[in-house]
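For reference, the structure is listed below as structure tokens.
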Amino acid sequence: MKRTIALISALLCFGWLSRAQVNLEEEFFSLPDTVTTSYLDSVKVNIATPNDYWMIGVFGGASVQYGYFNPDRLVRWQPQYPMYGFSVVRHFTMFGLFPNMGVEFGAQMNYEGYEFKLNKETGSRTTESGAYKTMITVPEVFFLSHFHIDIGSHFKIMAKLGLYGGYRWKITRVLDDPFIGIETYEQYVHAFRDYDRRYTYGVQGGVGVGLMFNPVEFHLMVNGKWGWNSFWQPDYASPYYYRFAYPLDAAVTFGVYYQLTPRYGHTRGQLRKLARKMVADQNKQ
């Protein structure tokens, strides 16, 4: 009879526990020797701020590329699309005090490149390897810290910051003077040089807003990237001076995410584990 009462009490607690985001070891209470209806009515379980949950999603959008050159050159932003990717997000409470923290990791198909402006006074523009415009396709992976502030039940503000790395996979150059043999031209505009650097890495971050309709979320983000590896070897043209060119990019993306675990409460597996633990603890008394 004692075991039956303990089991029924544990099941009755499931309704409360499914809405509470709690620490599994610290928040749950232990049952007294005698469980009564008045005791169950007096039990209070606080509903904590939603935080510890997983979600996965996909996103897509467009990006604009810019090059930071030394020595300076006249450069303009150039758009590229589509960019797309996926990410996994884990929200958690840091140090048991900060419920707005999280991490995000994933992969994306993105772009790098640059385009030189036309000098209005001279009517000419700078070229690099004969091209005034360069577009590079770059598969990337990233790992970001993810900060969020929930406003009500359906809206949140997000900020992200972390690192990315990628491989410069394909390149297209637009030439000022394309009048060369067609085979040579095709080879020239789609081929990397020996002095081109193929790997890219740097810092990535962004801000955005989200709409939450559990278990689906919609995210609108504005992201920026600053590359730390130059497009080419700095001394490829001469051993006596160095020329640097670093990517600087921005992107606007829209994402759809699915909550793998609930924002409130626990999964069925967690509840089963808690029920078995509570019954086992009661039987030891």
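In the structure tokens, chains take letters A, B, ... by order of appearance, with residues numbered from 1 within each chain and ligands from 1 in the order shown.
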
*Find the residues near Glu112 of chain A: any atom within 7 Å, counting only C-alpha atoms, skip ones fewer than 6 places away on the same chain, and give them as a VMD selection string.*
chain A and resid 65 135 to 138 247

Resulting file, chosen residues, C-alpha atoms, as a compact mmCIF listing (two decimals), in the first residue's frame:
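This is the output file again_30.txt:
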```txt
# COMPACT_ATOMS: atom_id res chain seq x y z
CA GLN A 65 31.16 41.38 -49.41
CA MET A 135 33.65 36.38 -56.05
CA ILE A 136 34.59 33.37 -53.90
CA THR A 137 32.27 30.57 -52.70
CA VAL A 138 33.16 29.49 -49.16
CA PRO A 247 37.41 39.87 -46.06
```

Please extract the residues of segment 163-267 of chain A with a backbone DSSP assignment of alpha helix (DSSP H) and present them as an mmCIF file with N, CA and C atoms, in the first residue's frame.
```cif
data_model
loop_
_atom_site.group_PDB
_atom_site.id
_atom_site.type_symbol
_atom_site.label_atom_id
_atom_site.label_comp_id
_atom_site.auth_asym_id
_atom_site.auth_seq_id
_atom_site.Cartn_x
_atom_site.Cartn_y
_atom_site.Cartn_z
ATOM 1 N N ILE A 182 39.522 32.072 -75.523
ATOM 2 C CA ILE A 182 38.398 31.652 -74.692
ATOM 3 C C ILE A 182 38.796 30.564 -73.702
ATOM 4 N N GLU A 183 39.634 29.608 -74.117
ATOM 5 C CA GLU A 183 40.075 28.565 -73.191
ATOM 6 C C GLU A 183 40.936 29.164 -72.088
ATOM 7 N N THR A 184 41.832 30.057 -72.471
ATOM 8 C CA THR A 184 42.675 30.718 -71.477
ATOM 9 C C THR A 184 41.834 31.571 -70.544
ATOM 10 N N TYR A 185 40.827 32.229 -71.090
ATOM 11 C CA TYR A 185 39.950 33.090 -70.289
ATOM 12 C C TYR A 185 39.206 32.277 -69.242
ATOM 13 N N GLU A 186 38.584 31.179 -69.644
ATOM 14 C CA GLU A 186 37.840 30.344 -68.710
ATOM 15 C C GLU A 186 38.753 29.799 -67.625
ATOM 16 N N GLN A 187 39.957 29.433 -68.027
ATOM 17 C CA GLN A 187 40.914 28.908 -67.061
ATOM 18 C C GLN A 187 41.339 29.994 -66.086
ATOM 19 N N TYR A 188 41.492 31.183 -66.610
ATOM 20 C CA TYR A 188 42.022 32.283 -65.817
ATOM 21 C C TYR A 188 41.023 32.760 -64.764
ATOM 22 N N VAL A 189 39.758 32.894 -65.147
ATOM 23 C CA VAL A 189 38.785 33.500 -64.229
ATOM 24 C C VAL A 189 38.276 32.519 -63.178
#
```

_d(atom CA of Lys133 of chain A, atom CA of Thr172 of chain A) in Å_ =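 These atoms are spaced 8.3 Å apart.
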
*asked:* Neighbouring residues of Tyr68 of chain A were defined as those with any atom within 7 Å, considering only C-alpha atoms; residues of the same chain fewer than 5 positions away were excluded. Please report them as an MDAnalysis selection string.
replied: chainID A and resid 245:248

Could you take the residues named above and write them with all heavy atoms, as an mmCIF file, in the first residue's frame?
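As a result, selection-v6.cif now contains:
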```cif
data_model
loop_
_atom_site.group_PDB
_atom_site.id
_atom_site.type_symbol
_atom_site.label_atom_id
_atom_site.label_comp_id
_atom_site.auth_asym_id
_atom_site.auth_seq_id
_atom_site.Cartn_x
_atom_site.Cartn_y
_atom_site.Cartn_z
ATOM 1 N N ALA A 245 44.907 41.911 -47.828
ATOM 2 C CA ALA A 245 43.502 42.085 -48.196
ATOM 3 C C ALA A 245 42.682 41.108 -47.368
ATOM 4 O O ALA A 245 42.786 39.892 -47.550
ATOM 5 C CB ALA A 245 43.295 41.841 -49.680
ATOM 6 N N TYR A 246 41.852 41.637 -46.456
ATOM 7 C CA TYR A 246 41.076 40.808 -45.550
ATOM 8 C C TYR A 246 39.579 40.919 -45.869
ATOM 9 O O TYR A 246 39.089 42.014 -46.170
ATOM 10 C CB TYR A 246 41.320 41.228 -44.102
ATOM 11 C CG TYR A 246 42.740 41.027 -43.654
ATOM 12 C CD1 TYR A 246 43.644 42.095 -43.644
ATOM 13 C CD2 TYR A 246 43.183 39.777 -43.243
ATOM 14 C CE1 TYR A 246 44.949 41.914 -43.223
ATOM 15 C CE2 TYR A 246 44.487 39.580 -42.819
ATOM 16 C CZ TYR A 246 45.369 40.656 -42.818
ATOM 17 O OH TYR A 246 46.663 40.464 -42.427
ATOM 18 N N PRO A 247 38.862 39.814 -45.794
ATOM 19 C CA PRO A 247 37.414 39.873 -46.062
ATOM 20 C C PRO A 247 36.633 40.510 -44.919
ATOM 21 O O PRO A 247 36.946 40.313 -43.745
ATOM 22 C CB PRO A 247 37.040 38.395 -46.243
ATOM 23 C CG PRO A 247 38.078 37.642 -45.477
ATOM 24 C CD PRO A 247 39.340 38.441 -45.573
ATOM 25 N N LEU A 248 35.631 41.268 -45.294
ATOM 26 C CA LEU A 248 34.696 41.859 -44.346
ATOM 27 C C LEU A 248 33.308 41.716 -44.960
ATOM 28 O O LEU A 248 33.041 42.267 -46.030
ATOM 29 C CB LEU A 248 35.037 43.334 -44.101
ATOM 30 C CG LEU A 248 34.133 44.099 -43.134
ATOM 31 C CD1 LEU A 248 34.201 43.488 -41.733
ATOM 32 C CD2 LEU A 248 34.525 45.571 -43.097
#
```

*Point out the residue among A:Leu175, A:Leu144, A:Met221, A:Ala159 with the least atom-to-atom distance to Gly106 of chain A, counting only C-alpha atoms.*
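Comparing A:Leu175, A:Leu144, A:Met221, A:Ala159 against Gly106 of chain A, the winner is A:Leu144.
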
*asked:* Which residues are near Met212 of chain A? Cut-off 10 Å, only C-alpha atoms, ignore same chain within fewer than 6 positions. Put them as a PyMOL selection string.
replied: chain A and resi 150+152-156+218-219+257-259

Produce a file of the selected residues containing all heavy atoms, as a CSV table (one decimal), in the first residue's frame.
```
chain,number,residue,atom,x,y,z
A,150,ASP,N,14.1,37.0,-23.5
A,150,ASP,CA,12.7,36.7,-23.8
A,150,ASP,C,11.8,37.8,-23.4
A,150,ASP,O,11.9,38.3,-22.2
A,150,ASP,CB,12.3,35.4,-23.2
A,150,ASP,CG,13.0,34.2,-23.8
A,150,ASP,OD1,13.7,34.4,-24.8
A,150,ASP,OD2,12.8,33.1,-23.3
A,152,GLY,N,8.0,38.4,-23.0
A,152,GLY,CA,6.7,37.7,-23.1
A,152,GLY,C,6.9,36.3,-23.5
A,152,GLY,O,8.1,35.7,-23.4
A,153,SER,N,5.9,35.6,-24.0
A,153,SER,CA,6.0,34.2,-24.4
A,153,SER,C,6.3,34.0,-25.8
A,153,SER,O,6.7,32.9,-26.2
A,153,SER,CB,4.6,33.5,-24.1
A,153,SER,OG,4.3,33.6,-22.7
A,154,HIS,N,6.3,35.0,-26.6
A,154,HIS,CA,6.4,34.8,-28.1
A,154,HIS,C,7.5,35.7,-28.8
A,154,HIS,O,7.6,35.6,-30.0
A,154,HIS,CB,5.0,35.1,-28.8
A,154,HIS,CG,3.9,34.2,-28.3
A,154,HIS,ND1,3.9,32.8,-28.4
A,154,HIS,CD2,2.8,34.5,-27.6
A,154,HIS,CE1,2.8,32.3,-27.9
A,154,HIS,NE2,2.1,33.3,-27.3
A,155,PHE,N,8.2,36.5,-28.0
A,155,PHE,CA,9.2,37.3,-28.7
A,155,PHE,C,10.5,37.3,-27.9
A,155,PHE,O,10.5,37.3,-26.7
A,155,PHE,CB,8.6,38.8,-28.8
A,155,PHE,CG,9.5,39.7,-29.5
A,155,PHE,CD1,9.5,39.8,-30.9
A,155,PHE,CD2,10.3,40.6,-28.8
A,155,PHE,CE1,10.3,40.7,-31.6
A,155,PHE,CE2,11.1,41.5,-29.5
A,155,PHE,CZ,11.1,41.5,-30.9
A,156,LYS,N,11.6,37.4,-28.6
A,156,LYS,CA,12.9,37.5,-28.0
A,156,LYS,C,13.9,38.3,-28.8
A,156,LYS,O,13.7,38.4,-30.1
A,156,LYS,CB,13.4,36.1,-27.7
A,156,LYS,CG,13.8,35.3,-28.9
A,156,LYS,CD,14.4,33.9,-28.4
A,156,LYS,CE,14.7,33.0,-29.5
A,156,LYS,NZ,15.3,31.7,-29.1
A,218,PHE,N,10.9,31.4,-35.3
A,218,PHE,CA,11.3,32.1,-36.5
A,218,PHE,C,12.3,33.2,-36.2
A,218,PHE,O,12.0,34.1,-35.3
A,218,PHE,CB,10.1,32.7,-37.2
A,218,PHE,CG,9.0,31.7,-37.6
A,218,PHE,CD1,7.9,31.5,-36.7
A,218,PHE,CD2,9.1,31.0,-38.7
A,218,PHE,CE1,6.9,30.6,-37.0
A,218,PHE,CE2,8.1,30.0,-39.1
A,218,PHE,CZ,7.1,29.9,-38.2
A,219,HIS,N,13.5,33.2,-36.8
A,219,HIS,CA,14.6,34.1,-36.4
A,219,HIS,C,14.9,35.0,-37.6
A,219,HIS,O,15.1,34.5,-38.7
A,219,HIS,CB,15.8,33.3,-36.0
A,219,HIS,CG,15.7,32.5,-34.8
A,219,HIS,ND1,16.7,31.8,-34.2
A,219,HIS,CD2,14.6,32.4,-33.9
A,219,HIS,CE1,16.2,31.2,-33.1
A,219,HIS,NE2,15.0,31.5,-32.9
A,257,TYR,N,13.4,27.3,-36.8
A,257,TYR,CA,14.0,26.4,-35.9
A,257,TYR,C,12.9,25.6,-35.2
A,257,TYR,O,11.8,26.1,-34.9
A,257,TYR,CB,14.8,27.2,-34.8
A,257,TYR,CG,16.1,27.7,-35.4
A,257,TYR,CD1,16.1,28.9,-36.1
A,257,TYR,CD2,17.3,27.0,-35.1
A,257,TYR,CE1,17.3,29.3,-36.6
A,257,TYR,CE2,18.4,27.5,-35.6
A,257,TYR,CZ,18.5,28.7,-36.4
A,257,TYR,OH,19.6,29.1,-36.9
A,258,TYR,N,13.3,24.3,-34.8
A,258,TYR,CA,12.3,23.4,-34.1
A,258,TYR,C,12.9,23.1,-32.8
A,258,TYR,O,14.1,22.7,-32.7
A,258,TYR,CB,12.1,22.2,-34.9
A,258,TYR,CG,11.2,21.2,-34.3
A,258,TYR,CD1,9.8,21.4,-34.4
A,258,TYR,CD2,11.6,20.1,-33.5
A,258,TYR,CE1,8.9,20.5,-33.8
A,258,TYR,CE2,10.8,19.2,-32.9
A,258,TYR,CZ,9.4,19.4,-33.0
A,258,TYR,OH,8.5,18.6,-32.4
A,259,GLN,N,12.2,23.2,-31.7
A,259,GLN,CA,12.6,22.9,-30.4
A,259,GLN,C,12.6,21.4,-30.1
A,259,GLN,O,11.6,20.8,-30.1
A,259,GLN,CB,11.7,23.6,-29.3
A,259,GLN,CG,11.7,25.1,-29.5
A,259,GLN,CD,10.5,25.8,-28.7
A,259,GLN,OE1,9.7,25.1,-28.1
A,259,GLN,NE2,10.4,27.1,-28.8
```

Contacts of Asn100 of chain A at 9 Å (only C-alpha atoms; same-chain gap of 6+ positions) as a compact mmCIF listing (two decimals) with N, CA and C atoms, in the first residue's frame:
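Contents of the output file result.txt:
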```txt
# COMPACT_ATOMS: atom_id res chain seq x y z
N PRO A 50 12.13 29.97 -18.71
CA PRO A 50 12.52 28.94 -19.68
C PRO A 50 13.94 29.18 -20.17
N ASN A 51 14.75 28.13 -20.19
CA ASN A 51 16.13 28.32 -20.62
C ASN A 51 16.74 27.05 -21.19
N HIS A 91 20.37 26.29 -25.25
CA HIS A 91 20.18 27.31 -24.22
C HIS A 91 20.45 26.70 -22.85
N PHE A 92 21.06 27.48 -21.97
CA PHE A 92 21.33 26.97 -20.63
C PHE A 92 21.48 28.14 -19.66
N THR A 93 21.50 27.80 -18.38
CA THR A 93 21.72 28.79 -17.33
C THR A 93 23.18 28.72 -16.90
N MET A 94 23.93 29.76 -17.14
CA MET A 94 25.36 29.76 -16.82
C MET A 94 25.58 29.98 -15.32
N HIS A 146 25.58 32.44 -27.63
CA HIS A 146 24.23 32.85 -28.04
C HIS A 146 23.52 33.44 -26.82
N PHE A 147 23.28 34.74 -26.86
CA PHE A 147 22.61 35.44 -25.77
C PHE A 147 21.19 35.81 -26.20
N HIS A 148 20.21 35.61 -25.33
CA HIS A 148 18.83 35.91 -25.69
C HIS A 148 18.08 36.51 -24.50
N ILE A 149 17.19 37.42 -24.81
CA ILE A 149 16.29 38.01 -23.81
C ILE A 149 14.86 37.77 -24.27
N ASP A 150 14.10 36.99 -23.50
CA ASP A 150 12.71 36.72 -23.84
C ASP A 150 11.81 37.85 -23.36
```

*Near segment 121-131 of chain A, counting only C-alpha atoms, which residues have an atom at most 10 Å away, once you skip same-chain residues fewer than 2 positions from it, shown as a count of residues only?*
20
